Structure formats: structure tokens, C-alpha cells
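What follows is the content of data_38.cif, which has mmCIF, C-alpha atoms:
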```
data_protein
#
loop_
_atom_site.label_atom_id
_atom_site.label_comp_id
_atom_site.auth_asym_id
_atom_site.auth_seq_id
_atom_site.Cartn_x
_atom_site.Cartn_y
_atom_site.Cartn_z
CA MET Y 36 -6.37 12.47 12.85
CA THR Y 37 -8.41 9.39 12.00
CA PRO Y 38 -8.10 6.20 14.10
CA ILE Y 39 -6.16 4.52 11.29
CA GLY Y 40 -3.82 7.50 11.08
CA ALA Y 41 -3.23 7.33 14.83
CA LEU Y 42 -2.45 3.62 14.54
CA HIS Y 43 0.05 4.37 11.80
CA ARG Y 44 1.80 6.99 13.92
CA ALA Y 45 1.98 4.58 16.87
CA ILE Y 46 3.64 1.94 14.72
CA MET Y 47 6.13 4.43 13.29
CA ARG Y 48 7.10 5.36 16.87
CA TRP Y 49 7.55 1.76 17.84
CA GLY Y 50 11.17 2.52 18.59
CA GLU Y 51 14.41 1.23 17.21
CA ALA Y 52 13.92 -2.32 18.45
CA GLU Y 53 15.24 -5.21 16.38
CA ARG Y 54 13.55 -5.33 12.97
CA THR Y 55 12.15 -8.82 12.54
CA SER Y 56 10.61 -9.88 9.23
CA SER Y 57 7.17 -10.02 10.83
CA ARG Y 58 7.55 -6.53 12.23
CA LEU Y 59 8.66 -5.17 8.87
CA ALA Y 60 5.69 -6.86 7.22
CA LEU Y 61 3.37 -5.29 9.79
CA GLN Y 62 4.89 -1.86 9.21
CA ARG Y 63 4.47 -2.19 5.45
CA TRP Y 64 0.83 -3.11 5.97
CA VAL Y 65 0.22 -0.18 8.32
CA ASP Y 66 1.93 2.14 5.83
CA GLY Y 67 -0.51 0.83 3.23
CA VAL Y 68 -3.46 1.42 5.54
CA ALA Y 69 -2.28 4.97 6.22
CA TYR Y 70 -1.93 5.58 2.48
CA VAL Y 71 -5.53 4.54 1.86
CA ASP Y 72 -6.62 6.54 4.91
CA VAL Y 73 -5.28 9.69 3.23
CA GLN Y 74 -7.08 8.70 0.04
CA ALA Y 75 -10.36 8.64 1.96
CA ARG Y 76 -10.13 12.40 2.46
CA THR Y 77 -8.75 13.39 -0.94
CA TYR Y 78 -11.12 11.15 -2.90
CA ALA Y 79 -14.12 12.44 -0.95
CA GLU Y 80 -13.07 15.98 -1.84
CA TYR Y 81 -12.76 15.01 -5.49
CA TRP Y 82 -16.25 13.53 -5.68
CA THR Y 83 -17.75 16.47 -3.77
CA GLN Y 84 -16.31 18.84 -6.37
CA GLN Y 85 -17.47 16.62 -9.23
CA ASN Y 86 -20.96 16.36 -7.78
CA SER Y 87 -21.28 20.14 -7.71
CA LEU Y 88 -20.62 20.19 -11.48
CA THR Y 89 -22.62 17.14 -12.48
CA LEU Y 90 -26.06 18.68 -12.79
CA THR Y 91 -24.95 21.67 -14.82
CA GLY Y 92 -24.56 19.55 -17.97
CA ASP Y 93 -26.74 17.42 -20.19
CA GLY Y 94 -26.87 13.67 -20.55
CA PRO Y 95 -28.17 10.66 -18.66
CA LEU Y 96 -27.59 10.73 -14.92
CA TRP Y 97 -26.06 7.86 -12.95
CA VAL Y 98 -26.36 8.06 -9.15
CA VAL Y 99 -23.97 5.95 -7.08
CA LEU Y 100 -24.79 4.77 -3.54
CA GLY Y 101 -22.29 2.89 -1.44
CA ASP Y 102 -19.09 2.87 0.59
CA SER Y 103 -15.35 3.28 0.05
CA THR Y 104 -15.31 0.98 -2.97
CA ALA Y 105 -17.62 3.40 -4.77
CA GLN Y 106 -15.22 6.18 -3.78
CA GLY Y 107 -12.43 4.18 -5.43
CA LEU Y 108 -10.20 3.84 -2.38
CA GLY Y 109 -7.13 1.79 -3.19
CA ALA Y 110 -7.06 2.81 -6.85
CA SER Y 111 -4.40 5.16 -8.19
CA SER Y 112 -7.04 7.88 -8.67
CA PRO Y 113 -10.79 8.24 -8.03
CA LEU Y 114 -11.47 7.61 -11.71
CA HIS Y 115 -9.60 4.29 -11.62
CA GLY Y 116 -12.14 2.85 -9.18
CA TYR Y 117 -15.09 0.94 -10.59
CA VAL Y 118 -17.22 4.09 -10.88
CA GLY Y 119 -14.65 5.81 -13.06
CA GLN Y 120 -14.01 2.72 -15.16
CA VAL Y 121 -17.72 2.11 -15.78
CA LEU Y 122 -18.31 5.79 -16.53
CA ASN Y 123 -15.53 5.69 -19.12
CA ALA Y 124 -17.04 2.57 -20.71
CA LEU Y 125 -20.48 4.18 -20.88
CA ARG Y 126 -19.13 7.36 -22.44
CA ARG Y 127 -17.25 5.38 -25.09
CA LYS Y 128 -20.69 4.46 -26.45
CA GLY Y 129 -21.08 8.09 -27.47
CA THR Y 130 -23.49 9.24 -24.74
CA PRO Y 131 -22.27 11.94 -22.28
CA TRP Y 132 -23.17 10.17 -19.06
CA ARG Y 133 -22.88 12.12 -15.83
CA VAL Y 134 -22.28 10.59 -12.40
CA LEU Y 135 -23.45 11.80 -9.01
CA ASN Y 136 -21.44 9.86 -6.44
CA LEU Y 137 -23.22 9.94 -3.08
CA SER Y 138 -21.13 7.18 -1.53
CA ARG Y 139 -19.08 7.65 1.63
CA SER Y 140 -16.04 5.87 2.90
CA GLY Y 141 -16.99 3.72 5.89
CA ALA Y 142 -20.68 3.76 5.04
CA GLN Y 143 -22.92 0.97 6.26
CA THR Y 144 -26.46 0.04 5.29
CA GLN Y 145 -27.90 2.46 7.85
CA HIS Y 146 -25.97 5.34 6.27
CA VAL Y 147 -27.48 4.54 2.89
CA LEU Y 148 -30.94 4.57 4.44
CA ASP Y 149 -30.46 7.76 6.45
CA ASP Y 150 -28.04 9.85 4.39
CA GLN Y 151 -27.82 8.70 0.77
CA LEU Y 152 -31.26 7.55 -0.35
CA PRO Y 153 -32.97 10.78 0.78
CA LEU Y 154 -30.74 12.71 -1.64
CA LEU Y 155 -32.50 11.00 -4.54
CA ASP Y 156 -35.63 13.03 -3.89
CA GLY Y 157 -36.38 15.21 -6.90
CA LEU Y 158 -33.95 13.40 -9.18
CA THR Y 159 -34.86 11.28 -12.20
CA PRO Y 160 -31.69 9.25 -12.80
CA ALA Y 161 -31.41 6.87 -15.72
CA LEU Y 162 -29.37 4.58 -13.47
CA VAL Y 163 -28.86 4.07 -9.74
CA THR Y 164 -26.30 1.59 -8.45
CA CYS Y 165 -25.93 0.47 -4.87
CA GLY Y 166 -23.07 -1.55 -3.44
CA ILE Y 167 -23.24 -1.67 0.35
CA GLY Y 168 -22.63 -4.12 3.17
CA ASN Y 169 -18.88 -4.63 3.38
CA ASN Y 170 -18.63 -2.52 6.51
CA ASP Y 171 -21.64 -4.23 8.09
CA ILE Y 172 -20.15 -7.74 7.97
CA LEU Y 173 -18.29 -7.44 11.28
CA ALA Y 174 -19.98 -4.30 12.65
CA THR Y 175 -23.72 -5.02 12.44
CA PRO Y 176 -25.56 -7.93 14.11
CA PRO Y 177 -26.68 -10.42 11.45
CA ARG Y 178 -30.43 -9.99 11.85
CA ARG Y 179 -30.16 -6.20 11.82
CA PHE Y 180 -27.84 -6.35 8.80
CA ARG Y 181 -30.31 -8.45 6.83
CA ASP Y 182 -33.23 -6.23 7.80
CA ARG Y 183 -31.39 -3.10 6.71
CA LEU Y 184 -30.32 -4.65 3.43
CA ARG Y 185 -33.94 -5.49 2.63
CA GLN Y 186 -34.95 -1.93 3.48
CA VAL Y 187 -32.24 -0.50 1.23
CA ILE Y 188 -33.24 -2.67 -1.73
CA ASP Y 189 -36.95 -2.03 -1.17
CA ARG Y 190 -36.38 1.73 -1.31
CA LEU Y 191 -34.23 1.77 -4.44
CA PRO Y 192 -35.78 3.25 -7.60
CA SER Y 193 -36.83 0.89 -10.37
CA SER Y 194 -33.84 2.09 -12.43
CA SER Y 195 -31.41 0.50 -9.97
CA VAL Y 196 -28.78 -2.21 -10.15
CA VAL Y 197 -27.73 -3.85 -6.87
CA MET Y 198 -24.15 -5.02 -6.36
CA ASP Y 199 -23.40 -8.05 -4.22
CA LEU Y 200 -20.35 -8.48 -1.97
CA THR Y 201 -16.95 -9.98 -2.62
CA VAL Y 202 -16.62 -13.24 -0.69
CA PRO Y 203 -13.34 -13.01 1.27
CA ASP Y 204 -12.38 -16.65 0.76
CA ARG Y 205 -8.98 -17.24 2.37
CA LEU Y 206 -8.35 -13.48 2.53
CA TRP Y 207 -6.63 -13.32 5.91
CA ARG Y 208 -7.59 -16.01 8.43
CA ILE Y 209 -10.85 -14.31 9.24
CA GLY Y 210 -11.81 -14.42 5.56
CA GLY Y 211 -12.41 -18.14 5.53
CA ALA Y 212 -14.49 -17.89 8.69
CA VAL Y 213 -16.91 -15.29 7.33
CA SER Y 214 -17.13 -16.62 3.76
CA PRO Y 215 -20.30 -18.71 4.37
CA TYR Y 216 -21.92 -15.73 6.09
CA VAL Y 217 -21.14 -13.38 3.19
CA SER Y 218 -22.38 -15.98 0.72
CA GLY Y 219 -25.66 -16.03 2.63
CA ILE Y 220 -25.85 -12.24 2.50
CA ASN Y 221 -25.31 -12.38 -1.25
CA GLN Y 222 -28.18 -14.84 -1.56
CA LEU Y 223 -30.38 -12.40 0.34
CA ILE Y 224 -29.31 -9.57 -1.99
CA SER Y 225 -30.10 -11.70 -5.04
CA THR Y 226 -33.48 -12.88 -3.76
CA THR Y 227 -34.64 -9.45 -2.57
CA ALA Y 228 -33.49 -7.63 -5.70
CA THR Y 229 -34.94 -10.25 -8.03
CA SER Y 230 -38.30 -10.04 -6.28
CA ARG Y 231 -38.37 -6.37 -7.28
CA GLY Y 232 -37.15 -7.02 -10.79
CA LEU Y 233 -33.80 -5.32 -10.15
CA PRO Y 234 -30.63 -6.67 -11.81
CA VAL Y 235 -27.78 -7.86 -9.58
CA ALA Y 236 -24.15 -7.19 -10.44
CA GLU Y 237 -22.42 -10.35 -9.23
CA VAL Y 238 -19.16 -8.91 -7.98
CA SER Y 239 -18.72 -12.15 -6.03
CA ARG Y 240 -18.41 -14.03 -9.32
CA TYR Y 241 -16.03 -11.63 -11.02
CA ALA Y 242 -13.77 -10.71 -8.08
CA ARG Y 243 -12.44 -14.01 -6.78
CA PRO Y 244 -9.15 -15.43 -5.53
CA PRO Y 245 -6.28 -15.60 -6.14
CA TRP Y 246 -6.01 -12.00 -4.92
CA ARG Y 247 -2.36 -11.46 -5.80
CA GLY Y 248 -2.02 -8.30 -7.88
CA LEU Y 249 -5.61 -7.20 -7.26
CA LEU Y 250 -5.35 -5.45 -3.88
CA ALA Y 251 -4.23 -2.02 -2.69
CA PRO Y 252 -1.39 -1.65 -0.15
CA ASP Y 253 -3.85 -2.06 2.73
CA ALA Y 254 -4.55 -5.63 1.50
CA PHE Y 255 -8.28 -4.90 1.70
CA HIS Y 256 -9.42 -2.46 -0.97
CA PRO Y 257 -9.00 -3.33 -4.66
CA ASN Y 258 -6.35 -1.69 -6.80
CA ASN Y 259 -6.95 -0.56 -10.39
CA LEU Y 260 -7.01 -4.12 -11.68
CA GLY Y 261 -9.20 -5.29 -8.82
CA TYR Y 262 -11.70 -2.56 -9.60
CA ARG Y 263 -11.68 -3.68 -13.22
CA ARG Y 264 -13.38 -6.85 -12.05
CA HIS Y 265 -15.98 -4.85 -10.14
CA ALA Y 266 -16.56 -2.74 -13.24
CA ASP Y 267 -16.93 -5.83 -15.43
CA ALA Y 268 -19.56 -7.22 -13.03
CA LEU Y 269 -21.54 -3.98 -13.11
CA LEU Y 270 -21.33 -3.55 -16.87
CA ALA Y 271 -22.54 -7.12 -17.37
CA ALA Y 272 -25.61 -6.40 -15.22
CA LEU Y 273 -26.67 -3.13 -16.87
CA PRO Y 274 -29.85 -3.29 -18.95
CA ALA Y 275 -28.92 -3.20 -22.63
CA GLY Y 276 -31.08 -0.14 -23.28
CA LEU Y 277 -28.93 2.02 -21.03
CA LEU Y 278 -26.02 1.82 -23.43
CA ASN Y 279 -27.92 3.68 -26.15
CA LEU Y 280 -29.68 6.46 -24.26
CA PRO Y 281 -29.90 9.86 -25.96
CA ALA Y 282 -27.77 12.68 -24.61
CA THR Y 283 -30.78 14.51 -23.17
CA ALA Y 284 -32.11 11.57 -21.14
CA ALA Y 285 -32.80 11.80 -17.43
CA ALA Y 286 -31.45 15.25 -16.68
CA GLY Y 287 -31.60 16.12 -12.99
CA PRO Y 288 -32.96 19.32 -11.48
CA ALA Y 289 -30.64 22.18 -10.66
CA SER Y 290 -32.12 22.33 -7.16
CA TRP Y 291 -30.35 19.18 -6.00
CA ARG Y 292 -28.70 19.67 -2.62
CA SER Y 293 -25.18 18.57 -1.82
CA PRO Y 294 -24.77 15.85 0.81
CA VAL Y 295 -23.02 16.56 4.10
CA ALA Y 296 -19.29 16.24 3.57
CA PRO Y 297 -17.86 12.98 4.97
#
```
Can I see the file as C-alpha cells?
Amino acid sequence: MTPIGALHRAIMRWGEAERTSSRLALQRWVDGVAYVDVQARTYAEYWTQQNSLTLTGDGPLWVVLGDSTAQGLGASSPLHGYVGQVLNALRRKGTPWRVLNLSRSGAQTQHVLDDQLPLLDGLTPALVTCGIGNNDILATPPRRFRDRLRQVIDRLPSSSVVMDLTVPDRLWRIGGAVSPYVSGINQLISTTATSRGLPVAEVSRYARPPWRGLLAPDAFHPNNLGYRRHADALLAALPAGLLNLPATAAAGPASWRSPVAP
């Protein structure tokens, strides 16, 4: 059982004490967290299966690096996350895009450096996208976080688009406290990516408060509509030429190795 699952079980066993409105609200939130916690396993299984099929077909290859948002946690299905929504938009242009989703729920910048980027060896993707850093905000010391972000961006292929972070303005009490910090991280992402000539998908500009109707039951991950804003940000940042690639562009080698299961 995951730590979140254990927390959910503890709350459910909280006894038959008087049900205050605050306690009921807490239980609803923990139920939502447990729901998304289950998604973390099922969505990872989905993408693992899809990845095993991706390189057997033809068409331009899109490789996704990132965390639980790239997995689509909080959406009603993996394909209703931003990856699925963008993939659908790309395919509507008539080109059979394929996606190799190397993201992992809970991933931080160090995981991208150690586990995800090495899997690009031998591939020639038409597009690489990287959205990482949400899990570093409270878990990684600021200087180390900035250093790792620079390393990630410096190691991305020239075909990459970098995604910045949603600024949690007024999202819970802690949101307002960290908003200036996240804004500074986004400035670092923009400056570092621009210095390499890489486009930046400004999720921070598209996904903004008010958050009502945009969040999953855990009040953290986006829902389908929330991911639509992430998808809009990414689509707006894609180089125009990618929308008209021929079906045979950027095929990957059959020798690609599957990542370690999360």
C-alpha cells in the first residue's frame, strides 16, 4: 500500500465520532486523494502497455518526459490528460503521431536526469516535451532545484519544448506563500530554454485561477478541463512545422528498451 493509501485507510477507521462539517470535508478530500492514488498505478500500466506498441508503427514520434501530470492523473482516463488531448489534436491534422510516455508519477528533476533522459538514446523523435518540477517545489532545496532544472534543459534534444509550472496562487494557504518562488522558477525555465532556442509552453499563463471546476477530487491534479488548459499551452508552443510532418517522419528504432516500471 502506498503512503497515501495508508492515510486513506487511517481516516476511514477514524471511528464513529461525531461527524463535523470539517471532518466530512477532510474525508471527502482524502477519498479524492485515494482515488488519484489508485489512478497512479492503473495509468502507469496503461502507458507501459502503450509504450510497448508505439515503436511498431509508422509516423512521427513524440517522447514525453515528466511527472504525474504527463501521466494524466486526475483526468477521467489517461487519454484525457494533456498528453492524450494534444495527441488527439495532432492526429486530427492527418498525421499518425505516436507517443512514447516516459513520465512517472512522483518524478522530480533528478528522476528525469537519471531515469528518463537516458531512454532517449538511439531515438530520433520529432518532438520531445518536458514538464517537470512540481514535485521539487517543496521537496528539493532551492539551489539544488535550480541546478537540476538547468541540467535537464541543457540535456534536452533540440526538438524539445519545455513546459513551465502552474503558479499555485491562492491554492490552499501554502499556495500563496510559494507563488513568488514558483514564478522565479518559471523565469529560470524561460531564460534557460530560450538560451538554447527551445520553445516554452507557458502553462502558468493558461492554467490560472479561479480553479473551480478545473481540479480532480484530490484538489491538486487537474481534471479533464484543467488538462485542456495544459494542452492549449503546449499546442500554442509547438513549432508550426510539426503540424504538417509526413507519416514516415522520425521513426524510432525497434531496439528501444522499456523503462523500469514505476
Assuming the chain letters and numbering stay as they are in my file, what does the PyMOL selection byres ((chain Y and resi 188) around 12) actually select? List them as a short mmCIF file (atom, residue, chain, number, x, y, z; two decimals) with C-alpha atoms, keeping the file's coordinate frame.
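Okay, selection14.cif is ready:
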```cif
data_model
loop_
_atom_site.label_atom_id
_atom_site.label_comp_id
_atom_site.auth_asym_id
_atom_site.auth_seq_id
_atom_site.Cartn_x
_atom_site.Cartn_y
_atom_site.Cartn_z
CA LEU Y 100 -24.79 4.77 -3.54
CA THR Y 144 -26.46 0.04 5.29
CA VAL Y 147 -27.48 4.54 2.89
CA LEU Y 148 -30.94 4.57 4.44
CA LEU Y 152 -31.26 7.55 -0.35
CA VAL Y 163 -28.86 4.07 -9.74
CA THR Y 164 -26.30 1.59 -8.45
CA CYS Y 165 -25.93 0.47 -4.87
CA GLY Y 166 -23.07 -1.55 -3.44
CA ILE Y 167 -23.24 -1.67 0.35
CA GLY Y 168 -22.63 -4.12 3.17
CA ARG Y 181 -30.31 -8.45 6.83
CA ASP Y 182 -33.23 -6.23 7.80
CA ARG Y 183 -31.39 -3.10 6.71
CA LEU Y 184 -30.32 -4.65 3.43
CA ARG Y 185 -33.94 -5.49 2.63
CA GLN Y 186 -34.95 -1.93 3.48
CA VAL Y 187 -32.24 -0.50 1.23
CA ASP Y 189 -36.95 -2.03 -1.17
CA ARG Y 190 -36.38 1.73 -1.31
CA LEU Y 191 -34.23 1.77 -4.44
CA PRO Y 192 -35.78 3.25 -7.60
CA SER Y 193 -36.83 0.89 -10.37
CA SER Y 194 -33.84 2.09 -12.43
CA SER Y 195 -31.41 0.50 -9.97
CA VAL Y 196 -28.78 -2.21 -10.15
CA VAL Y 197 -27.73 -3.85 -6.87
CA MET Y 198 -24.15 -5.02 -6.36
CA ASP Y 199 -23.40 -8.05 -4.22
CA LEU Y 223 -30.38 -12.40 0.34
CA ILE Y 224 -29.31 -9.57 -1.99
CA SER Y 225 -30.10 -11.70 -5.04
CA THR Y 226 -33.48 -12.88 -3.76
CA THR Y 227 -34.64 -9.45 -2.57
CA ALA Y 228 -33.49 -7.63 -5.70
CA THR Y 229 -34.94 -10.25 -8.03
CA SER Y 230 -38.30 -10.04 -6.28
CA ARG Y 231 -38.37 -6.37 -7.28
CA GLY Y 232 -37.15 -7.02 -10.79
CA LEU Y 233 -33.80 -5.32 -10.15
CA PRO Y 234 -30.63 -6.67 -11.81
CA VAL Y 235 -27.78 -7.86 -9.58
#
```
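Minimum atom-to-atom distance to His265 in chain Y, evaluated using all atoms listed in the file, belongs to Y:Gly116 out of Y:Gly116, Y:Pro95, Y:Gly101, Y:Pro153.
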Considering all atoms listed in the file, return as a PyMOL selection string whatever protein or nucleic-acid residues lie within 7 Å of Gly109 in chain Y, sequence-local ones (same chain, fewer than 2 positions apart) excluded.
-> chain Y and resi 71+107+111+251+256-258
Those same residues, written as a compact mmCIF listing (two decimals), keeping the file's coordinate frame with C-alpha atoms?
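result.txt, freshly written:
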```
# COMPACT_ATOMS: atom_id res chain seq x y z
CA VAL Y 71 -5.53 4.54 1.86
CA GLY Y 107 -12.43 4.18 -5.43
CA SER Y 111 -4.40 5.16 -8.19
CA ALA Y 251 -4.23 -2.02 -2.69
CA HIS Y 256 -9.42 -2.46 -0.97
CA PRO Y 257 -9.00 -3.33 -4.66
CA ASN Y 258 -6.35 -1.69 -6.80
```
Could you put an axis-aligned box around every listed atom of range 175-192 of chain Y, padded by 8 Å on each side, and send me its centre and edge lengths in Å to one decimal, as lines of an AutoDock Vina configuration file?
```
center_x = -30.3
center_y = -3.6
center_z = 3.3
size_x = 29.2
size_y = 29.7
size_z = 37.7
```
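With all atoms listed in the file as the atoms that count, the residue of Y:Thr201, Y:Asn136, Y:Asn123, Y:Ser87 with the shortest distance to Val99 in chain Y is Y:Asn136.
Note that the spacing between CA of Arg264 in chain Y and CA of Ala79 in chain Y amounts to 22.3 Å.
Here CA of Thr91 in chain Y and CA of Arg76 in chain Y stand 24.6 Å from one another.
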Residues returned when the PyMOL selection byres ((chain Y and resi 276) around 12) runs on this file, as a VMD selection string = chain Y and resid 125 128 161 to 162 194 272 to 275 277 to 281 284
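Taken over the whole file, the PyMOL selection byres ((chain Y and resi 142) around 9) covers exactly Y:Gly101, Y:Asp102, Y:Ser103, Y:Ser138, Y:Arg139, Y:Ser140, Y:Gly141, Y:Gln143, Y:Thr144, Y:Gln145, Y:His146, Y:Val147, Y:Ile167, Y:Gly168, Y:Asn169, Y:Asn170, Y:Asp171.
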Using all atoms listed in the file, what residues lie at most 12 Å away from (-18.7, -16.1, -8.5) (file coordinates), given as an mmCIF file with C-alpha atoms, in the coordinates of the input?
```
data_model
loop_
_atom_site.group_PDB
_atom_site.id
_atom_site.type_symbol
_atom_site.label_atom_id
_atom_site.label_comp_id
_atom_site.auth_asym_id
_atom_site.auth_seq_id
_atom_site.Cartn_x
_atom_site.Cartn_y
_atom_site.Cartn_z
ATOM 1 C CA ASP Y 199 -23.400 -8.050 -4.220
ATOM 2 C CA LEU Y 200 -20.350 -8.480 -1.970
ATOM 3 C CA THR Y 201 -16.950 -9.980 -2.620
ATOM 4 C CA VAL Y 202 -16.620 -13.240 -0.690
ATOM 5 C CA PRO Y 203 -13.340 -13.010 1.270
ATOM 6 C CA ASP Y 204 -12.380 -16.650 0.760
ATOM 7 C CA SER Y 218 -22.380 -15.980 0.720
ATOM 8 C CA ASN Y 221 -25.310 -12.380 -1.250
ATOM 9 C CA GLN Y 222 -28.180 -14.840 -1.560
ATOM 10 C CA ALA Y 236 -24.150 -7.190 -10.440
ATOM 11 C CA GLU Y 237 -22.420 -10.350 -9.230
ATOM 12 C CA VAL Y 238 -19.160 -8.910 -7.980
ATOM 13 C CA SER Y 239 -18.720 -12.150 -6.030
ATOM 14 C CA ARG Y 240 -18.410 -14.030 -9.320
ATOM 15 C CA TYR Y 241 -16.030 -11.630 -11.020
ATOM 16 C CA ALA Y 242 -13.770 -10.710 -8.080
ATOM 17 C CA ARG Y 243 -12.440 -14.010 -6.780
ATOM 18 C CA PRO Y 244 -9.150 -15.430 -5.530
ATOM 19 C CA ARG Y 264 -13.380 -6.850 -12.050
ATOM 20 C CA HIS Y 265 -15.980 -4.850 -10.140
ATOM 21 C CA ALA Y 268 -19.560 -7.220 -13.030
#
```
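As for CA of Pro131 in chain Y and CA of Gln151 in chain Y, they are spaced 23.9 Å apart.
Here the question is which of Y:Leu137, Y:Leu249, Y:Thr83, Y:Gly129 gets nearest to Ala105 in chain Y using all atoms listed in the file, and that residue is Y:Leu137.
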